[in-house]
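Comments concern the structure below.
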Amino acid sequence: MAKVIVVTSGKGGVGKTTTSASFATGLANRGKKTAVIDFDIGLRNLDLILGCERRVVYDFVNVIQGDAKLSQALVRDKHSENLSILAASQTKDKEALKEEGVKQVLEDLKGMDFEYIICDSPAGIETGALMALRFADEALIVTNPEVSAVRDADRMLGIIEAKSLRAENGAERVKEHLVITRYAPKRADKGEMLSHTDVAELLSLPILGLIPESEQVLDCSNRGTPVILANGSPVALAFDDMVARYLGEERPLRFTEPESAPFWKRLFGG
Amino acid sequence: MSLLDILFKKRASAPIAKERLSFILAHERAQRSGKGDIVSALKEELIAVICKYTSIDKEALKVTLERHDSIDVLKVDIALPEGGLRRG
């Protein structure tokens, strides 16, 4: 049975699209037929992060409005043959995301044998964000170890509990996972940043991914390559761990502690 | 944390962030689940009762509802004046 997974946060700029792109690529590279949908109508970005912006002809809204078939609008990813991308509309109004239309697209994707359907939510709590979580079976709550991001993540949890179809139908609740991005173990160790355990405790959620802060993320977005493919880099390893954990593998958290510094540095700080 | 940080007691801000968040999240969750009104009513009555029997200043009282994993904790903090409790 196909799973619909929303990637959401409330706050903007915390790494939803980066997470969606890498999570979807990771699932696809493990042989899972995966689709990733950009729900940020008017502010299309997922195509750029995955490097397929020049191949987008039709978009999500075109499909909903019947101007294109779903098969015409799905863009095959260049990095992984198991991954397809459905881009957001750049021109249409966000109100074009009608619930019936979104439901139909998800049903059709399931009918095309996609195993995982990743819904990349826009920031905020308006139509795009509500539609992205509406049909979710599971949710990746993306946050930074920072007060406003954590508060917004908690608000999003409340919205999932109130506005998802599962909640409304009294079905089994949406399974929520925590993804902490831009983590700086050194700063957390010094007490300058909330630790990963603090964030998990505050939100009462299990950590699925702990992604360290890295220059690699910008480098990869410049190139249009999901950062999970940046071989050997800590961020790629952290995202790979996250995908493995999602699929049921035991992987201890990495990058929780700062790299050990020389004695004099430990003494004097720096 | 370096030895010098400890020696000079550099004030870490993460614990402040955690405390502020646990307070505001508990408050917002209570409002979501409809417990908000009960808590504020309870808070007012508690303060009124304590003030009735003591000479404590209202400002010295703090009533909060916090959530730790799956349990709610109602916390009443009272800063006692010098000389302890006295009937007000």
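Ordering of the structure tokens sets the chain letters (A, B, ...), residue numbers begin anew at 1 in every chain, and ligands are numbered from 1 in the order given.
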Inset, instruction - Up to 9 Å from chain B, what residues of chain A turn up? Count only C-alpha atoms and give them as number ranges by chain. - result: A: 146-148, 150-151, 154-155, 158, 186, 188-195, 198-199, 201-205, 265-270
Can you check which parts of stretch 131-167 of chain A lie within 9 Å of stretch 104-123 of chain A? Per residue, the shortest pair of atoms and distance in Å to one decimal, counting only C-alpha atoms, sorted by chain and number, as CSV.
```
residue,atom,partner,partner_atom,distance
A:Met131,CA,A:Ser121,CA,8.3
A:Ala132,CA,A:Ser121,CA,5.4
A:Leu133,CA,A:Cys119,CA,7.6
A:Phe135,CA,A:Leu106,CA,8.4
A:Ala136,CA,A:Cys119,CA,8.3
```
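Residue-level DSSP output for stretch 26-176 of chain A, from the backbone, shows strand (DSSP E) at Thr34, Ala35, Val36, Ile37, Asp38, Val75, Arg76, Leu83, Ser84, Ile85, Leu86, Tyr116, Ile117, Ile118, Cys119, Asp120, Glu138, Ala139, Leu140, Ile141, Val142, Thr143, Lys175 and Glu176 of chain A.
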File of the preceding selection, C-alpha atoms, as a PDB file, in the first residue's frame:
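Ended up saving to selection.pdb:
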```pdb
ATOM      1  CA  THR A  34       8.774   7.318  -5.312  1.00  0.00           C
ATOM      2  CA  ALA A  35       7.018  10.519  -6.364  1.00  0.00           C
ATOM      3  CA  VAL A  36       7.690  13.922  -4.850  1.00  0.00           C
ATOM      4  CA  ILE A  37       5.178  16.753  -5.209  1.00  0.00           C
ATOM      5  CA  ASP A  38       5.865  20.458  -4.715  1.00  0.00           C
ATOM      6  CA  VAL A  75       9.257  14.567 -14.646  1.00  0.00           C
ATOM      7  CA  ARG A  76      11.618  11.603 -14.399  1.00  0.00           C
ATOM      8  CA  LEU A  83      11.960   8.982  -8.732  1.00  0.00           C
ATOM      9  CA  SER A  84       9.381  11.234 -10.395  1.00  0.00           C
ATOM     10  CA  ILE A  85       8.742  14.893  -9.683  1.00  0.00           C
ATOM     11  CA  LEU A  86       5.505  16.822  -9.943  1.00  0.00           C
ATOM     12  CA  TYR A 116       5.991   6.520  -1.512  1.00  0.00           C
ATOM     13  CA  ILE A 117       4.443   9.883  -2.294  1.00  0.00           C
ATOM     14  CA  ILE A 118       6.318  12.756  -0.671  1.00  0.00           C
ATOM     15  CA  CYS A 119       4.398  16.031  -0.298  1.00  0.00           C
ATOM     16  CA  ASP A 120       6.779  18.982   0.031  1.00  0.00           C
ATOM     17  CA  GLU A 138       2.967  10.051   7.956  1.00  0.00           C
ATOM     18  CA  ALA A 139       4.684  13.391   8.533  1.00  0.00           C
ATOM     19  CA  LEU A 140       8.284  14.516   8.653  1.00  0.00           C
ATOM     20  CA  ILE A 141       8.390  17.542  10.943  1.00  0.00           C
ATOM     21  CA  VAL A 142      11.450  19.554   9.948  1.00  0.00           C
ATOM     22  CA  THR A 143      12.891  22.014  12.440  1.00  0.00           C
ATOM     23  CA  LYS A 175       2.700   8.949  12.276  1.00  0.00           C
ATOM     24  CA  GLU A 176       5.028  11.859  12.983  1.00  0.00           C
TER      25      GLU A 176
END
```
Inset, instruction - Calculate how many Å separate atom CA of A:Leu46 from atom CA of A:Val174, rounding to one decimal. - result: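 Atom-to-atom, atom CA of A:Leu46 and atom CA of A:Val174 are spaced 24.0 Å apart.
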Inset, instruction - Show which residues sit within 8 Å of A:Asn45, as a count of residues only. Count only C-alpha atoms, and ignore same-chain residues fewer than 3 positions away. - result: 6
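Atom CA of A:Val7 sits 9.6 Å away from atom CA of A:Phe23.
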